[in-house]
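Here is the structure we will look at, set down as structure tokens.
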Amino acid sequence: MRKPQIRWHILVFLAPAVLVYTAIMIIPLFNTLRLALFDEVDRTRVFVGLDNFRTLFGDPLWSDAFWNALGNNFWFFLIHMLVQNPIGILLAAILSHPRLRFAALYRTAIFVPTILSFVIVGFAWKLILSPIWGIAPGMMDAVGLDDYFLPWLGLESTALTTLALISVWQFVGIPMMLIYAALLSIPEEILEAGECDGITGASAFWKIKLPLILPSIGIISILTFVGNFNAFDLIYAAQGALAGPDYSTDILGTFMYRTFFGFQLQLGDPHMGSAIASAMFAIILIGVCIYLFGIQTRMRRYQF
Amino acid sequence: MSMKKLGAGLLATTILAGTVASAQDVTLTIESWRNDDLLLWQDVIIPAFEANHPGIHVEFTPSAPAEYNAVLNSKLEAGSAGDLITCRPFDASLALYEDGHLADLSDLDAMANFSSVAQSAWQTDDGSATFCVPMASVIHGFIYNADAFEELGLEEPTTVDEFFAVLDAIEEDGGYIPMAMGTNDQWEAATMGYNNIGPNYWRGEEGRLALIAGEQSLTDEAWVAPYRQLARWGQYLGRGFEAQTYPDSQNLFTLGRAAIYPAGSWEITGFNAQADFAMGAFPPPVQNAGDECYISDHTDIAIGLNPASPNAEAARTFLEWVGSEEFATIYANALPGFFSLSNFDVAMEDPLAQEFVSWRGECNSTIRSTYQILSRGTPNLENETWNASAQVIRGAETPEEAGQRLQDGLASWYEPQQ
């Protein structure tokens, strides 16, 4: 019997990815977690255990800002789940209709914003919605809705929702593409078999296609979750690091940025910043775990 | 000698000369947040320096104002920052000095050209070390569209009542937005709002120092009254001011759509270039006619040396020049609105800048109340003042609530206020 050989080529081929990923992802991640356990006293870094987290959750000055940011983050996520993903699925369903003309054109047009930079999207929408130069007030005026125009980005009650919808506009192409791919992979025979049993049109979608694309919807949800809880760019580009008005658009990303790097006269505090970053990491980890162990393992899969 | 040889010889000498020159040359890089001034540095200030200092090249590499502190700190930590560092006033620079990112410049000859008040923003608390060469201060007030004022038969207001009468008159006419300011970016509300009109209420340095000493509090009438005036501003700011950004306000004014602009003197350069109407300026109105007036004459900008710079000697030469009369004159005239902090009597040509600087003679100067010491803790008083000023103008918070909130925040970490 031959001795099992060490298959060196596997190690060689894995090495670049492992090394790069370790250097730019894993080490910084653990370093951030480590940094959160330190504080600076008299210009020297001292180990303080969980004190930073005690401050973050125990001191009302910090905890109010943290819970506000977390609440805003959940609202941001909720809007994406309720608006972006259903619209994405709907668009995919329409696009996969065999008799739709110019499908490729629509697909591209809807997907294009996804590849735009956050900064461009932020500034473009800021201009569109500007009460002074924007085209939104003019367009609403043209259809007689002038009175309903408000400076949405400047009002505490509407700013966060407006930004969430801008983000939805930008990223609706992602769920659309994923679902579209999933829909295309459903074999014709299954649909034809359904037709023989009298299931056509909308009911074919609800009864055959939707169950088959559920795993894709799950993946999209978790991607949305991770993306939203790491969000920062759009808010920063549109509202600045103070996330006005009155912190109503402050999410964990902007809160972390302000704390870590400082802002205007506020000096940066890398240790508290790391504590917030660690909390963000924990929240995302918990969310992903709930999905992986609570939902994905129970999802039924079909083999074609 | 054939042409070929001559050509080769010429080529060789050029190359040689080139390498010799580059061996001596030193390039100094300046970190700054003044990206608006890029052209002025490149076309006016740097050539003036390089003309008399062969062998030293200077590059001006600004970043966006809001990101400057964060960007600079990261660069300094990473050791990739430029040789010369433009200094924010007070704590931001003090922290850099204490961390060893700014060199002690007390021994610079040019320091003798600056008063102790001018140096105070870039000194240690005990005044033993100065770490940046003061460049300029900015003065707050209101710039107005003089053509519009003439058209409506209005005059510069001197008291608060006259100020609101003027605003009412402009609003009634309807041709102009009375005042151009938005609350989207928040800082204008605090800087051009609260700290612009405030010194008249808290009597400038007197109130500012009393606040630092803990003898006054932010709930005192002198500190709440400016918010009361700000609360009245909201109705004059034009439709949708809640989402109006700083550039929006600048454009509204320079396009002639708004009549009054709560300003800092740094706007003068841009406004001169953009506006095609006559402009005037008036200092923040006083409460009652004949009251002593106070202006915010804020020590804003200085320049220091990165101790990690390999070209420290050349950088010191540049800093000596920054402290000279030549620089003061060039800077004050190239950037009208940035007023020299040096003891030289600098002649300025711009009429608007002359108007601003003339208030130094009529009124008492002070600096922004939140800058020295009071923004060292958490919550940060400056950030909170931005927030509160914007909230008050939007009507989302009453002046009294705002004062109470700021006082609670300050007292939570600042001992003299406890």
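By order of appearance in the structure tokens: chains A, B, ..., then residues from 1 within every chain, and ligands from 1 in the order shown.
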
Inset, instruction - Pick out the chain B residues within 7 Å of chain A. Count only C-alpha atoms. Give them as a ChimeraX atom specification. - result: /B:66,69-70,92,184,240,242-243,375,380,382,387,391

Selection: 12 Å around Asn72 of chain A, only C-alpha atoms, excl. self and same-chain fewer than 6 positions, as a PDB file with N, CA and C atoms, in the first residue's frame:
```pdb
ATOM      1  N   ALA A  65     -25.653  57.685  22.369  1.00  0.00           N
ATOM      2  CA  ALA A  65     -25.214  57.822  20.983  1.00  0.00           C
ATOM      3  C   ALA A  65     -25.147  56.456  20.313  1.00  0.00           C
ATOM      4  N   PHE A  66     -24.704  55.446  21.075  1.00  0.00           N
ATOM      5  CA  PHE A  66     -24.577  54.108  20.501  1.00  0.00           C
ATOM      6  C   PHE A  66     -25.942  53.529  20.151  1.00  0.00           C
ATOM      7  N   LEU A  78     -34.050  47.778   7.785  1.00  0.00           N
ATOM      8  CA  LEU A  78     -35.465  47.433   7.583  1.00  0.00           C
ATOM      9  C   LEU A  78     -35.971  47.975   6.254  1.00  0.00           C
ATOM     10  N   ILE A  79     -35.604  49.235   5.960  1.00  0.00           N
ATOM     11  CA  ILE A  79     -36.040  49.824   4.691  1.00  0.00           C
ATOM     12  C   ILE A  79     -35.497  49.004   3.523  1.00  0.00           C
ATOM     13  N   GLU A 156     -35.280  66.120  10.483  1.00  0.00           N
ATOM     14  CA  GLU A 156     -34.967  65.015  11.363  1.00  0.00           C
ATOM     15  C   GLU A 156     -35.843  63.804  11.090  1.00  0.00           C
ATOM     16  N   SER A 157     -37.111  64.067  10.759  1.00  0.00           N
ATOM     17  CA  SER A 157     -38.057  62.970  10.615  1.00  0.00           C
ATOM     18  C   SER A 157     -37.848  62.182   9.324  1.00  0.00           C
ATOM     19  N   THR A 158     -37.287  62.800   8.306  1.00  0.00           N
ATOM     20  CA  THR A 158     -37.241  62.129   7.006  1.00  0.00           C
ATOM     21  C   THR A 158     -35.840  61.829   6.495  1.00  0.00           C
ATOM     22  N   ALA A 159     -34.821  62.440   7.101  1.00  0.00           N
ATOM     23  CA  ALA A 159     -33.482  62.349   6.504  1.00  0.00           C
ATOM     24  C   ALA A 159     -33.001  60.904   6.366  1.00  0.00           C
ATOM     25  N   LEU A 160     -33.172  60.108   7.435  1.00  0.00           N
ATOM     26  CA  LEU A 160     -32.633  58.747   7.401  1.00  0.00           C
ATOM     27  C   LEU A 160     -33.375  57.895   6.374  1.00  0.00           C
ATOM     28  N   THR A 161     -34.686  58.009   6.350  1.00  0.00           N
ATOM     29  CA  THR A 161     -35.471  57.237   5.383  1.00  0.00           C
ATOM     30  C   THR A 161     -35.091  57.624   3.966  1.00  0.00           C
ATOM     31  N   LEU A 163     -32.227  58.786   2.916  1.00  0.00           N
ATOM     32  CA  LEU A 163     -30.914  58.208   2.600  1.00  0.00           C
ATOM     33  C   LEU A 163     -31.026  56.706   2.351  1.00  0.00           C
ATOM     34  N   ALA A 164     -31.880  56.032   3.143  1.00  0.00           N
ATOM     35  CA  ALA A 164     -32.055  54.587   2.948  1.00  0.00           C
ATOM     36  C   ALA A 164     -32.623  54.321   1.556  1.00  0.00           C
ATOM     37  N   ASN A 228     -25.432  46.771   5.245  1.00  0.00           N
ATOM     38  CA  ASN A 228     -26.051  47.891   5.946  1.00  0.00           C
ATOM     39  C   ASN A 228     -25.371  48.197   7.268  1.00  0.00           C
ATOM     40  N   PHE A 229     -24.962  47.143   7.979  1.00  0.00           N
ATOM     41  CA  PHE A 229     -24.343  47.411   9.272  1.00  0.00           C
ATOM     42  C   PHE A 229     -22.900  47.872   9.129  1.00  0.00           C
ATOM     43  N   ALA A 231     -22.348  50.075   6.662  1.00  0.00           N
ATOM     44  CA  ALA A 231     -22.526  51.274   5.834  1.00  0.00           C
ATOM     45  C   ALA A 231     -21.884  52.479   6.505  1.00  0.00           C
ATOM     46  N   ILE A 235     -23.810  58.068   4.014  1.00  0.00           N
ATOM     47  CA  ILE A 235     -24.170  59.031   5.056  1.00  0.00           C
ATOM     48  C   ILE A 235     -23.086  60.112   5.148  1.00  0.00           C
ATOM     49  N   ALA A 243     -23.470  63.587  10.899  1.00  0.00           N
ATOM     50  CA  ALA A 243     -24.697  62.856  10.571  1.00  0.00           C
ATOM     51  C   ALA A 243     -25.951  63.593  11.028  1.00  0.00           C
ATOM     52  N   TYR A 247     -28.062  64.210  14.686  1.00  0.00           N
ATOM     53  CA  TYR A 247     -27.654  62.810  14.724  1.00  0.00           C
ATOM     54  C   TYR A 247     -28.739  61.852  14.257  1.00  0.00           C
ATOM     55  N   SER A 248     -29.731  62.366  13.517  1.00  0.00           N
ATOM     56  CA  SER A 248     -30.823  61.472  13.116  1.00  0.00           C
ATOM     57  C   SER A 248     -30.395  60.512  12.015  1.00  0.00           C
ATOM     58  N   THR A 249     -29.262  60.767  11.349  1.00  0.00           N
ATOM     59  CA  THR A 249     -28.798  59.812  10.346  1.00  0.00           C
ATOM     60  C   THR A 249     -27.510  59.127  10.791  1.00  0.00           C
ATOM     61  N   ASP A 250     -27.202  59.275  12.083  1.00  0.00           N
ATOM     62  CA  ASP A 250     -25.981  58.670  12.602  1.00  0.00           C
ATOM     63  C   ASP A 250     -26.137  57.152  12.636  1.00  0.00           C
ATOM     64  N   ILE A 251     -25.254  56.448  11.955  1.00  0.00           N
ATOM     65  CA  ILE A 251     -25.261  54.995  12.056  1.00  0.00           C
ATOM     66  C   ILE A 251     -23.931  54.557  12.646  1.00  0.00           C
ATOM     67  N   LEU A 252     -23.796  53.262  12.906  1.00  0.00           N
ATOM     68  CA  LEU A 252     -22.601  52.809  13.626  1.00  0.00           C
ATOM     69  C   LEU A 252     -21.326  53.223  12.903  1.00  0.00           C
ATOM     70  N   GLY A 253     -21.351  53.194  11.579  1.00  0.00           N
ATOM     71  CA  GLY A 253     -20.157  53.543  10.807  1.00  0.00           C
ATOM     72  C   GLY A 253     -19.717  54.977  11.043  1.00  0.00           C
ATOM     73  N   THR A 254     -20.658  55.930  11.005  1.00  0.00           N
ATOM     74  CA  THR A 254     -20.279  57.333  11.200  1.00  0.00           C
ATOM     75  C   THR A 254     -19.894  57.587  12.661  1.00  0.00           C
ATOM     76  N   PHE A 255     -20.590  56.926  13.567  1.00  0.00           N
ATOM     77  CA  PHE A 255     -20.281  57.062  14.998  1.00  0.00           C
ATOM     78  C   PHE A 255     -18.861  56.565  15.257  1.00  0.00           C
TER      79      PHE A 255
END
```

Legend entry - Pairwise distance for atom CA of Thr299 of chain B and atom CA of Ile367 of chain B, rounded to one decimal in Å: 6.8 Å

Inset, instruction - Compile the contact shell of Pro89 of chain B as a ChimeraX atom specification: residues with an atom at most 9 Å away, counting only C-alpha atoms, same-chain residues fewer than 5 positions apart removed. - result: /B:94,120-122,299-302,371-372

Selection to disk with C-alpha atoms, as a PDB file, in the first residue's frame:
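Written out: out_20.pdb:
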```
ATOM      1  CA  LEU B  94      -1.354  71.151  21.197  1.00  0.00           C
ATOM      2  CA  SER B 120      -1.488  81.957  22.505  1.00  0.00           C
ATOM      3  CA  ALA B 121      -3.403  79.644  20.206  1.00  0.00           C
ATOM      4  CA  TRP B 122      -0.251  77.641  19.496  1.00  0.00           C
ATOM      5  CA  THR B 299      -6.739  83.097  15.565  1.00  0.00           C
ATOM      6  CA  ASP B 300      -7.287  80.596  12.846  1.00  0.00           C
ATOM      7  CA  ILE B 301      -4.216  79.419  11.051  1.00  0.00           C
ATOM      8  CA  ALA B 302      -0.516  78.909  11.694  1.00  0.00           C
ATOM      9  CA  TYR B 371     -11.965  76.664  21.136  1.00  0.00           C
ATOM     10  CA  GLN B 372      -9.686  77.061  24.121  1.00  0.00           C
TER      11      GLN B 372
END
```

Inset, instruction - Could you pull out the residues in segment 119-270 of chain A that DSSP calls strand (DSSP E) from the backbone, as a list in words? - result: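 Filtering segment 119-270 of chain A to strand (DSSP E) leaves Gly262, Phe263, Gln266 and Leu267 of chain A.
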
Legend entry - Shell around Ala36 of chain A at 10 Å using only C-alpha atoms, local window under 6 positions removed, as a list of chain:residue names: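 Answer for this query is A:Phe30, A:Phe47, A:Val48, A:Gly49, A:Leu50, A:Asp51, A:Asn52, A:Phe53, A:Pro270, A:His271, A:Met272, A:Gly273, A:Ser274, A:Ala275, A:Ile276, A:Ala277, A:Ser278, A:Ala279.
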
Pull N, CA and C atoms from the residues just selected and write them as a tab-separated table (two decimals), in the first residue's frame.
```
chain	number	residue	atom	x	y	z
A	30	PHE	N	-8.16	41.29	14.41
A	30	PHE	CA	-7.82	40.94	15.79
A	30	PHE	C	-7.09	42.07	16.49
A	47	PHE	N	-3.47	48.53	29.56
A	47	PHE	CA	-4.53	47.54	29.42
A	47	PHE	C	-5.64	47.86	30.42
A	48	VAL	N	-6.87	47.98	29.93
A	48	VAL	CA	-7.95	48.33	30.85
A	48	VAL	C	-9.06	47.29	30.83
A	49	GLY	N	-8.81	46.15	30.19
A	49	GLY	CA	-9.85	45.11	30.14
A	49	GLY	C	-11.06	45.60	29.39
A	50	LEU	N	-12.22	45.42	30.00
A	50	LEU	CA	-13.46	45.75	29.30
A	50	LEU	C	-13.97	47.16	29.63
A	51	ASP	N	-13.10	47.98	30.21
A	51	ASP	CA	-13.54	49.32	30.63
A	51	ASP	C	-14.15	50.13	29.50
A	52	ASN	N	-13.55	50.04	28.29
A	52	ASN	CA	-14.07	50.81	27.17
A	52	ASN	C	-15.51	50.41	26.87
A	53	PHE	N	-15.80	49.10	26.99
A	53	PHE	CA	-17.15	48.63	26.72
A	53	PHE	C	-18.09	49.05	27.84
A	270	PRO	N	-8.63	56.25	19.38
A	270	PRO	CA	-8.60	54.95	18.71
A	270	PRO	C	-9.13	53.83	19.59
A	271	HIS	N	-9.03	53.99	20.91
A	271	HIS	CA	-9.44	52.88	21.77
A	271	HIS	C	-10.96	52.77	21.86
A	272	MET	N	-11.63	53.91	22.09
A	272	MET	CA	-13.10	53.87	22.09
A	272	MET	C	-13.58	53.53	20.69
A	273	GLY	N	-12.89	54.06	19.68
A	273	GLY	CA	-13.27	53.75	18.30
A	273	GLY	C	-13.21	52.26	18.04
A	274	SER	N	-12.17	51.63	18.54
A	274	SER	CA	-12.04	50.18	18.37
A	274	SER	C	-13.13	49.44	19.13
A	275	ALA	N	-13.50	49.99	20.29
A	275	ALA	CA	-14.57	49.35	21.05
A	275	ALA	C	-15.87	49.37	20.24
A	276	ILE	N	-16.15	50.51	19.58
A	276	ILE	CA	-17.36	50.58	18.75
A	276	ILE	C	-17.23	49.62	17.57
A	277	ALA	N	-16.04	49.59	16.96
A	277	ALA	CA	-15.84	48.68	15.82
A	277	ALA	C	-16.03	47.23	16.26
A	278	SER	N	-15.57	46.91	17.47
A	278	SER	CA	-15.75	45.55	17.97
A	278	SER	C	-17.22	45.24	18.18
A	279	ALA	N	-17.95	46.23	18.70
A	279	ALA	CA	-19.38	46.03	18.90
A	279	ALA	C	-20.07	45.80	17.56
```
